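Asker: Take this structure, written in structure tokens, and hold onto it; I'll ask about it next.
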Amino acid sequence: MKFGHSFKEALQGETYPQHWVDKAIPYGQLKKLLGKVREELSRNGYDPDTLHRLLADHNAEYRLRLENSHILRPKLVVRPSASTICLRSDAAPKLITAGEPSTPANAPTKAYSELSPSLSSVPQEHTTPSPKTLAQAQDAGWVDIPLDSDAKFFNILQTDVVELDSLQTQERQSMNDGIHLLGDEIARLARPRKGVIQFAKSDLYRWREIFELYLAAQIFFSTAETATGPRDSEKARKQLVWFQDEVSKRQLLQKFKLKASAEAYTRFLELNATLLKNYKFQELNRTAVTKIIKKFDKQTSLGIKAEFPKAMSSAPFIAGSIAKDICSQLACEVLSRVPQIVDYTCTICYSICWLPVRLDCDHMFCIRCMIKMQNRNKELCPLCRAKTVLSATEAHIDWKLMSYMEKWFPKETKEKQRYNELERRRELLGEAYVDTNDGPCIVM
């Protein structure tokens, strides 16, 4: 199936808002204009083979420049020393020297029918450049070949890219507003509360598990070695479905203690669905731009594949990704509201870093691991190899961080305290130690 047909079907098949569809790349219109560009080049004697040869020999250049008005202006120029160029009588080239601006494509010019390598074949009835001008043109000047169709082509393409930029900016702002409100709501629902009764009114651990799954899904971006970077929209859709299925399998929605948490989760899913739709729409239109530029090069040999993205580098639609921006905002304002245990794990024992000892090298480990290292007379930091372990004392305990962990990880800190006490008793009593949790005393 040709891309133009599949592009049209994709726009109609998805549930995109109509104002999105109206601003999509007009691929069919651009394709028709491209045919006119090729016809106009051929009438002037520039078939694809000729242009390919001239460009390869550096006897021609096709330039895309943004003017002060930020309008993209294409321009085809050739060296006067190039091979004979046949032009139609109403599209005469203009001699320009290095640094001299060219005449716009629709500016009136004096016509002549043929230009030879030496310029000596210019009909005498037309204005003949002075010998000095001719010498400058032959040394460093260019002949500006005025074209109309390519200017129209890039005008339409640039206009639509700018409109897509505007649409993307509006959608980004709308999602950012939603993210901010959702972040505040989840922070309220997952806020730790002291006391058994108060803690029962918090959904901290349910939200933590949901966000652990969400981070593991890596919906829009992958950190795997085999596929690092942004995912395509189809893969992102599959990862989002996987995330929803895992939440459902674990019955996390049924475990919510607060009704508002279920409503917030629904909004969280809707936000991701909206982001996915924006991402797919952006991906679809980017593909359309890539395809039409590739077709332009194939049919004209003008080689703008590398130049067009540079000329439009200021356009977020070309240079940026809405998924990257929104995911970053989502991480800052929503996911970070519920701290994850992985960010507070001791890198030696891989359990929560309780009590946290911050060494002079600024690396942090749990107190039990530090005591063990000191007992074994190990002085090097496990991460940076600095000699900071033996100098650690009670003054190196991060009491502020300890309070933070106790607040946000009450279950984990209590479990680590019990484990530390168990290890301390085993160290003191050795083989004589009997775990009271193994069962009641048989003597009594």
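Ligands are numbered from 1 in the order shown, residues from 1 within each chain, and chains are lettered A, B, ... in the order they appear in the structure tokens.
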For Asp203 of chain A, list every protein, DNA or RNA residue within 12 Å, evaluated using only C-alpha atoms, and leave out those in the same chain fewer than 3 positions away; present the list as a ChimeraX atom specification.
Answerer: /A:185-193,198-200,206-210,252-262,264-265,338,408
Asker: Neighbours of segment 52-60 of chain A within 10 Å (only C-alpha atoms; same-chain residues fewer than 2 positions away dropped), as a PyMOL selection string?
Answerer: chain A and resi 46-50+62-63+76-83+142-144+300-303
Asker: Residues of segment 332-376 of chain A classed as strand (DSSP E or B) by DSSP on the backbone are to be reported as a VMD selection string.
Answerer: chain A and resid 345 352 356 to 358 364 to 366
Asker: Nearest to Thr388 of chain A: which of A:Glu40, A:Glu234, A:Asp362, A:Glu412 is it, counting only C-alpha atoms?
Answerer: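 Of A:Glu40, A:Glu234, A:Asp362, A:Glu412, the one nearest Thr388 of chain A is A:Asp362, counting only C-alpha atoms.
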Asker: For the interface of segment 237-332 of chain A with segment 13-35 of chain A (cut-off 7 Å, counting only C-alpha atoms), please tabulate each contacting residue of segment 237-332 of chain A alongside its nearest pair of atoms and their separation in Å to one decimal, rows sorted by chain and increasing number, as a Markdown table.
Answerer:
```
| residue | atom | partner | partner_atom | distance |
| --- | --- | --- | --- | --- |
| A:Asn285 | CA | A:Ile25 | CA | 6.1 |
| A:Ala288 | CA | A:Tyr27 | CA | 6.6 |
| A:Phe296 | CA | A:Leu34 | CA | 6.5 |
```
Asker: Report, in Å to a single decimal, how far apart atom CA of Thr290 of chain A and atom CA of Glu67 of chain A are.
Answerer: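 Result for atom CA of Glu67 of chain A versus atom CA of Thr290 of chain A: 23.0 Å, one decimal.
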Asker: Between A:Ala395, A:Leu359, A:Met405, A:Ala227, single out the one closest to Leu383 of chain A, counting only C-alpha atoms.
Answerer: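 Under the stated criterion, the closest residue is A:Leu359.
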Asker: Show which residues sit within 9 Å of Ile293 of chain A, as a PyMOL selection string. Count only C-alpha atoms, and ignore same-chain residues fewer than 5 positions away.
Answerer: chain A and resi 288+298+304-305+308
Asker: For Ile397 of chain A, which of A:Lys201, A:Lys238, A:His363, A:Arg250 is the closest residue, counting only C-alpha atoms?
Answerer: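 Once distances to Ile397 of chain A are computed over only C-alpha atoms, the minimum belongs to A:His363.
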Asker: Tell me, as a PDB file with N, CA and C atoms, in the first residue's frame, which residues lie within 7 Å of Ala311 of chain A, counting only C-alpha atoms; anything in the same chain fewer than 2 positions away does not count.
Answerer:
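What landed in around-v7.pdb:
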```
ATOM      1  N   LEU A  64      18.597  26.032   1.234  1.00  0.00           N
ATOM      2  CA  LEU A  64      17.395  26.313   2.017  1.00  0.00           C
ATOM      3  C   LEU A  64      17.790  27.242   3.147  1.00  0.00           C
ATOM      4  N   ARG A  65      17.279  28.437   3.119  1.00  0.00           N
ATOM      5  CA  ARG A  65      17.650  29.439   4.124  1.00  0.00           C
ATOM      6  C   ARG A  65      16.409  30.077   4.723  1.00  0.00           C
ATOM      7  N   LEU A  66      16.489  30.364   6.012  1.00  0.00           N
ATOM      8  CA  LEU A  66      15.426  31.101   6.680  1.00  0.00           C
ATOM      9  C   LEU A  66      15.730  32.589   6.592  1.00  0.00           C
ATOM     10  N   GLU A 307      19.450  18.962   4.686  1.00  0.00           N
ATOM     11  CA  GLU A 307      19.318  20.413   4.851  1.00  0.00           C
ATOM     12  C   GLU A 307      18.000  20.824   5.495  1.00  0.00           C
ATOM     13  N   PHE A 308      16.910  20.132   5.146  1.00  0.00           N
ATOM     14  CA  PHE A 308      15.605  20.555   5.659  1.00  0.00           C
ATOM     15  C   PHE A 308      15.524  20.481   7.184  1.00  0.00           C
ATOM     16  N   PRO A 309      15.937  19.369   7.829  1.00  0.00           N
ATOM     17  CA  PRO A 309      15.901  19.354   9.304  1.00  0.00           C
ATOM     18  C   PRO A 309      16.746  20.452   9.935  1.00  0.00           C
ATOM     19  N   SER A 313      15.366  23.388  12.388  1.00  0.00           N
ATOM     20  CA  SER A 313      15.820  22.873  13.687  1.00  0.00           C
ATOM     21  C   SER A 313      15.164  23.581  14.862  1.00  0.00           C
TER      22      SER A 313
END
```
Asker: Mind running segment 244-289 of chain A against segment 147-170 of chain A at 10 Å and telling me each contacting residue's nearest atom pair with the distance in Å (one decimal), counting only C-alpha atoms, chain and number ascending, as a Markdown table?
Answerer:
```
| residue | atom | partner | partner_atom | distance |
| --- | --- | --- | --- | --- |
| A:Asn278 | CA | A:Gln168 | CA | 7.9 |
| A:Tyr279 | CA | A:Gln168 | CA | 9.8 |
| A:Phe281 | CA | A:Gln168 | CA | 9.9 |
| A:Gln282 | CA | A:Gln168 | CA | 8.4 |
| A:Asn285 | CA | A:Leu164 | CA | 8.8 |
| A:Arg286 | CA | A:Val161 | CA | 9.3 |
| A:Val289 | CA | A:Leu157 | CA | 8.1 |
```
Asker: Running DSSP on the backbone, which parts of segment 152-304 of chain A land in helix (DSSP H, G or I), as a VMD selection string?
Answerer: chain A and resid 152 to 189 196 to 199 204 to 217 233 to 249 252 to 255 259 to 300
Asker: If we count only C-alpha atoms and set the cut-off at 9 Å, which residues sit around Met373 of chain A, ignoring sequence neighbours fewer than 5 positions away in its own chain? Please answer as number ranges by chain.
Answerer: A: 368, 378-379, 389-390
Asker: Quick one: write out the picked residues with N, CA, C and O atoms as a CSV table (one decimal), in the first residue's frame?
Answerer:
```
chain,number,residue,atom,x,y,z
A,368,ARG,N,24.8,-1.4,59.5
A,368,ARG,CA,25.2,-2.8,59.8
A,368,ARG,C,26.4,-3.1,58.8
A,368,ARG,O,27.3,-3.8,59.2
A,378,LYS,N,38.4,-3.1,56.8
A,378,LYS,CA,38.3,-2.6,55.4
A,378,LYS,C,38.1,-1.1,55.3
A,378,LYS,O,37.1,-0.6,55.9
A,379,GLU,N,39.0,-0.4,54.7
A,379,GLU,CA,39.0,1.1,54.8
A,379,GLU,C,38.5,1.7,53.5
A,379,GLU,O,38.2,2.9,53.5
A,389,VAL,N,36.0,4.5,55.2
A,389,VAL,CA,35.2,3.6,56.0
A,389,VAL,C,35.6,3.6,57.4
A,389,VAL,O,34.8,3.7,58.3
A,390,LEU,N,36.9,3.4,57.7
A,390,LEU,CA,37.4,3.3,59.1
A,390,LEU,C,37.2,4.6,59.9
A,390,LEU,O,37.2,4.6,61.1
```
Asker: Between A:Tyr404, A:Trp399, A:Phe220, A:Tyr344, which is the closest to Leu275 of chain A once you count only C-alpha atoms?
Answerer: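 Nearest candidate to Leu275 of chain A out of A:Tyr404, A:Trp399, A:Phe220, A:Tyr344: A:Phe220.
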Asker: Of the residues A:Leu284, A:Leu181, A:Leu204, A:Val342, which is the one nearest to Lys411 of chain A, using only C-alpha atoms?
Answerer: A:Leu204
Asker: Which distance in Å separates atom CA of Ile371 of chain A and atom CA of Pro410 of chain A, to one decimal?
Answerer: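 Taking atom CA of Ile371 of chain A and atom CA of Pro410 of chain A, their separation equals 23.2 Å.
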